[in-house]
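> Take a look at this one; I'll ask things after.
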Amino acid sequence: MKPGASLMRHYLQFKDLRAEEYAYLFERTRIIKTRFKNYERYQPLVDRTLAMIFEKASTRTRVSFEAGMYQMGGSVVHLTTGDSQLGRAEPIDDSARVISRMVDLVMIRTYEQTKIAAFAAHSRVPVINGLTNEYHPCQILADIYTYIEHRGGIQGKVVAWVGDGNNMANTWLQAAEILGFTVHVSTPGGYEVDPKVAGISRSDCYKVFADPLDACRGADLVTTDVWTSMGYEAENEQRRQAFAKWCVDTAMMAVAKPDALFMHCLPAHRGEEVSAEVIDGPQSVVWDEAENRLHVQKALMEYLLLGRIG
């Protein structure tokens, strides 16, 4: 690492960073995004290479990381399990030892968290979680920055999570514990959030509601995700039936605060987890949210490679 950089860090879960580090990252995101909007050249990662490894297909994750690395002056190597040994005979720790000798940073989008943790344990360079079954920290990083951009600080606010107790829900709970807000969780029976999987130690950062309408009451932010995440396609019809009452609609937004925002990590299925009136309505910030993946990830890569700037 360059002089002034901190010891190597990985970003595998939201709780891998502290509240004051997030404050720094959000401020760096603001600066980096402003430069981007003003067409100011900013390339602190010249001669740095990011390896992106995909076991799960992606649109937003690939475009945001690849474009972001190029914009910061670096280069990108794109790998899938079809054109690498990661999904075949070579042990993960051997792949990590080899790949991390050739690049400066690795982003992995895969299934089990244990796989990315094993890779990180044997990597000589920082590893970023681009999504696993358990966590999606880069998305929540973008979501919280988007909230701050529109409404100011998130501390003390209420986020309503409506839908599956999945990787997004888990990561929202971690963020609530670290940054001091509350998550109202409403899921169908059998799809609850497991606090142990979420990796949280406190129960006061979230409340559980059987009725999604109750979860949305007084919320500052209402957010959801698809009913069937990647890797669970065999359960699609079963989930469609179970989640029928968990569609974020105008009635749910009406009981939230008047200035409440709506977010969705995308892709979205209008008429399933969210109505068209909500996602395409005036409270929706999903397009800003999607763009902000680019900017928060640039700030994250800068931090992991160079440490604090200034």
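Residues in the structure tokens are numbered from 1 in each chain, the chains being A, B, ... in the order shown, and ligands are numbered from 1 in the order shown.
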Show me, as a PyMOL selection string, the residues that have an atom within 9 Å of Asp259 in chain A when counting only C-alpha atoms, minus same-chain residues fewer than 6 positions from it.

chain A and resi 151+220-221+283

> Which neighbours of range 36-41 of chain A fall inside 10 Å, counting only C-alpha atoms, when residues of the same chain fewer than 4 positions from it are skipped, and could you give them as a PyMOL selection string?

chain A and resi 30-32+71-73+295

> Between range 130-230 of chain A and range 270-280 of chain A, at 9 Å or less, what are the per-residue closest atom pairs and their distances in Å? Count only C-alpha atoms, order by chain and rising residue number, and return it as a tab-separated table.


```
residue	atom	partner	partner_atom	distance
A:Val162	CA	A:Glu273	CA	8.5
A:Gly163	CA	A:Glu273	CA	7.3
A:Thr224	CA	A:Glu273	CA	7.0
A:Asp225	CA	A:Glu273	CA	6.7
A:Val226	CA	A:Glu273	CA	5.9
A:Trp227	CA	A:Glu273	CA	6.4
```

> Write out the residues from the selection above, keeping C-alpha atoms, as an mmCIF file, in the first residue's frame.


```cif
data_model
loop_
_atom_site.group_PDB
_atom_site.id
_atom_site.type_symbol
_atom_site.label_atom_id
_atom_site.label_comp_id
_atom_site.auth_asym_id
_atom_site.auth_seq_id
_atom_site.Cartn_x
_atom_site.Cartn_y
_atom_site.Cartn_z
ATOM 1 C CA VAL A 162 -41.178 -4.812 3.855
ATOM 2 C CA GLY A 163 -40.629 -8.255 2.315
ATOM 3 C CA THR A 224 -38.106 -3.504 -0.160
ATOM 4 C CA ASP A 225 -36.562 -6.056 -2.521
ATOM 5 C CA VAL A 226 -37.728 -8.724 -4.942
ATOM 6 C CA TRP A 227 -39.683 -11.606 -3.443
#
```

> Got a sec: who's within 12 Å of range 114-124 of chain A, counting only C-alpha atoms, leaving out chain neighbours fewer than 2 positions off, as a VMD selection string?

chain A and resid 1 7 to 13 53 to 55 86 to 87 91 to 112 126 to 135

> Taking the DSSP assignment computed from this structure's backbone, write out as JSON, numbers by chain all residues of range 116-148 of chain A that belong to alpha helix (DSSP H).

{"A": [116, 117, 118, 119, 120, 121, 137, 138, 139, 140, 141, 142, 143, 144, 145, 146, 147, 148]}

> Next, dump the selected residues to file, keeping only N, CA and C atoms, as a CSV table (one decimal), in the first residue's frame.


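Now in out-v8.csv:
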```csv
chain,number,residue,atom,x,y,z
A,116,ILE,N,-16.6,-16.0,0.4
A,116,ILE,CA,-15.8,-14.8,0.3
A,116,ILE,C,-14.9,-14.6,1.5
A,117,ALA,N,-15.4,-15.1,2.6
A,117,ALA,CA,-14.6,-15.0,3.8
A,117,ALA,C,-13.3,-15.9,3.7
A,118,ALA,N,-13.4,-17.0,3.1
A,118,ALA,CA,-12.3,-17.9,2.8
A,118,ALA,C,-11.3,-17.2,1.9
A,119,PHE,N,-11.8,-16.6,0.8
A,119,PHE,CA,-11.0,-15.9,-0.1
A,119,PHE,C,-10.2,-14.8,0.6
A,120,ALA,N,-10.9,-14.0,1.4
A,120,ALA,CA,-10.3,-12.8,2.1
A,120,ALA,C,-9.2,-13.3,3.0
A,121,ALA,N,-9.5,-14.4,3.7
A,121,ALA,CA,-8.5,-14.9,4.7
A,121,ALA,C,-7.1,-15.3,4.0
A,137,PRO,N,-23.5,-5.2,1.6
A,137,PRO,CA,-23.1,-4.0,2.3
A,137,PRO,C,-22.9,-2.8,1.3
A,138,CYS,N,-22.5,-3.0,0.1
A,138,CYS,CA,-22.3,-1.9,-0.8
A,138,CYS,C,-23.7,-1.2,-1.2
A,139,GLN,N,-24.7,-2.0,-1.3
A,139,GLN,CA,-26.0,-1.5,-1.6
A,139,GLN,C,-26.5,-0.6,-0.4
A,140,ILE,N,-26.4,-1.1,0.8
A,140,ILE,CA,-26.9,-0.3,1.9
A,140,ILE,C,-26.0,0.9,2.1
A,141,LEU,N,-24.7,0.8,1.8
A,141,LEU,CA,-23.9,2.0,1.8
A,141,LEU,C,-24.5,3.1,0.8
A,142,ALA,N,-24.9,2.7,-0.4
A,142,ALA,CA,-25.5,3.6,-1.3
A,142,ALA,C,-26.8,4.1,-0.8
A,143,ASP,N,-27.6,3.2,-0.2
A,143,ASP,CA,-29.0,3.6,0.2
A,143,ASP,C,-28.9,4.6,1.3
A,144,ILE,N,-28.0,4.4,2.3
A,144,ILE,CA,-27.9,5.4,3.4
A,144,ILE,C,-27.3,6.7,2.9
A,145,TYR,N,-26.4,6.7,1.9
A,145,TYR,CA,-25.9,7.9,1.4
A,145,TYR,C,-27.0,8.7,0.6
A,146,THR,N,-27.8,7.9,-0.1
A,146,THR,CA,-29.0,8.5,-0.8
A,146,THR,C,-29.9,9.2,0.2
A,147,TYR,N,-30.2,8.5,1.3
A,147,TYR,CA,-31.0,9.2,2.3
A,147,TYR,C,-30.4,10.5,2.8
A,148,ILE,N,-29.1,10.4,3.2
A,148,ILE,CA,-28.4,11.6,3.7
A,148,ILE,C,-28.5,12.7,2.7
```

> Write out as a list in words all residues of range 197-241 of chain A that DSSP puts in strand (DSSP E or B) for this structure's backbone.

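Filtering range 197-241 of chain A down to strand (DSSP E or B) leaves Tyr206, Lys207, Val208, Leu221, Val222, Thr223 and Thr224 of chain A.
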
> Write out as a ChimeraX atom specification which residues come within 6 Å of range 168-171 of chain A when counting only C-alpha atoms, dropping same-chain ones fewer than 3 positions away.

/A:135-136,165,174,198

> Rounded to one decimal in Å, what is the spacing between CA of Ala23 in chain A and CA of Met253 in chain A?

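CA of Ala23 in chain A sits 28.6 Å away from CA of Met253 in chain A.
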
> Pick out the residues sitting within 6 Å of Val183 in chain A, and hand them over as a VMD selection string; count only C-alpha atoms, and ignore anything fewer than 4 positions along from it in its own chain.

chain A and resid 158 to 160 206

> For those residues, write C-alpha atoms to a file as a PDB file, in the first residue's frame.


```pdb
ATOM      1  CA  VAL A 158     -37.070   4.812  11.142  1.00  0.00           C
ATOM      2  CA  VAL A 159     -36.547   2.557   8.133  1.00  0.00           C
ATOM      3  CA  ALA A 160     -39.395   0.205   7.214  1.00  0.00           C
ATOM      4  CA  TYR A 206     -35.240  -3.205  15.123  1.00  0.00           C
TER       5      TYR A 206
END
```

> To one decimal place in Å, what is the distance between CA of Glu192 in chain A and CA of Gly153 in chain A?

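The value is 27.8 Å.
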
> Restricting the calculation to only C-alpha atoms, which member of A:Ser64, A:Tyr70, A:Ala251, A:Asp211 is positioned closest to Gln43 in chain A?

A:Tyr70

> Which of these, A:Gly152, A:Cys265, A:Glu27, A:Phe209, has the shortest distance to Glu291 in chain A once you count only C-alpha atoms?

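Smallest distance to Glu291 in chain A is found for A:Cys265.
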
> Interatomic distance between CA of Ile200 in chain A and CA of Ala176 in chain A?

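Going from CA of Ile200 in chain A over to CA of Ala176 in chain A covers 9.5 Å.
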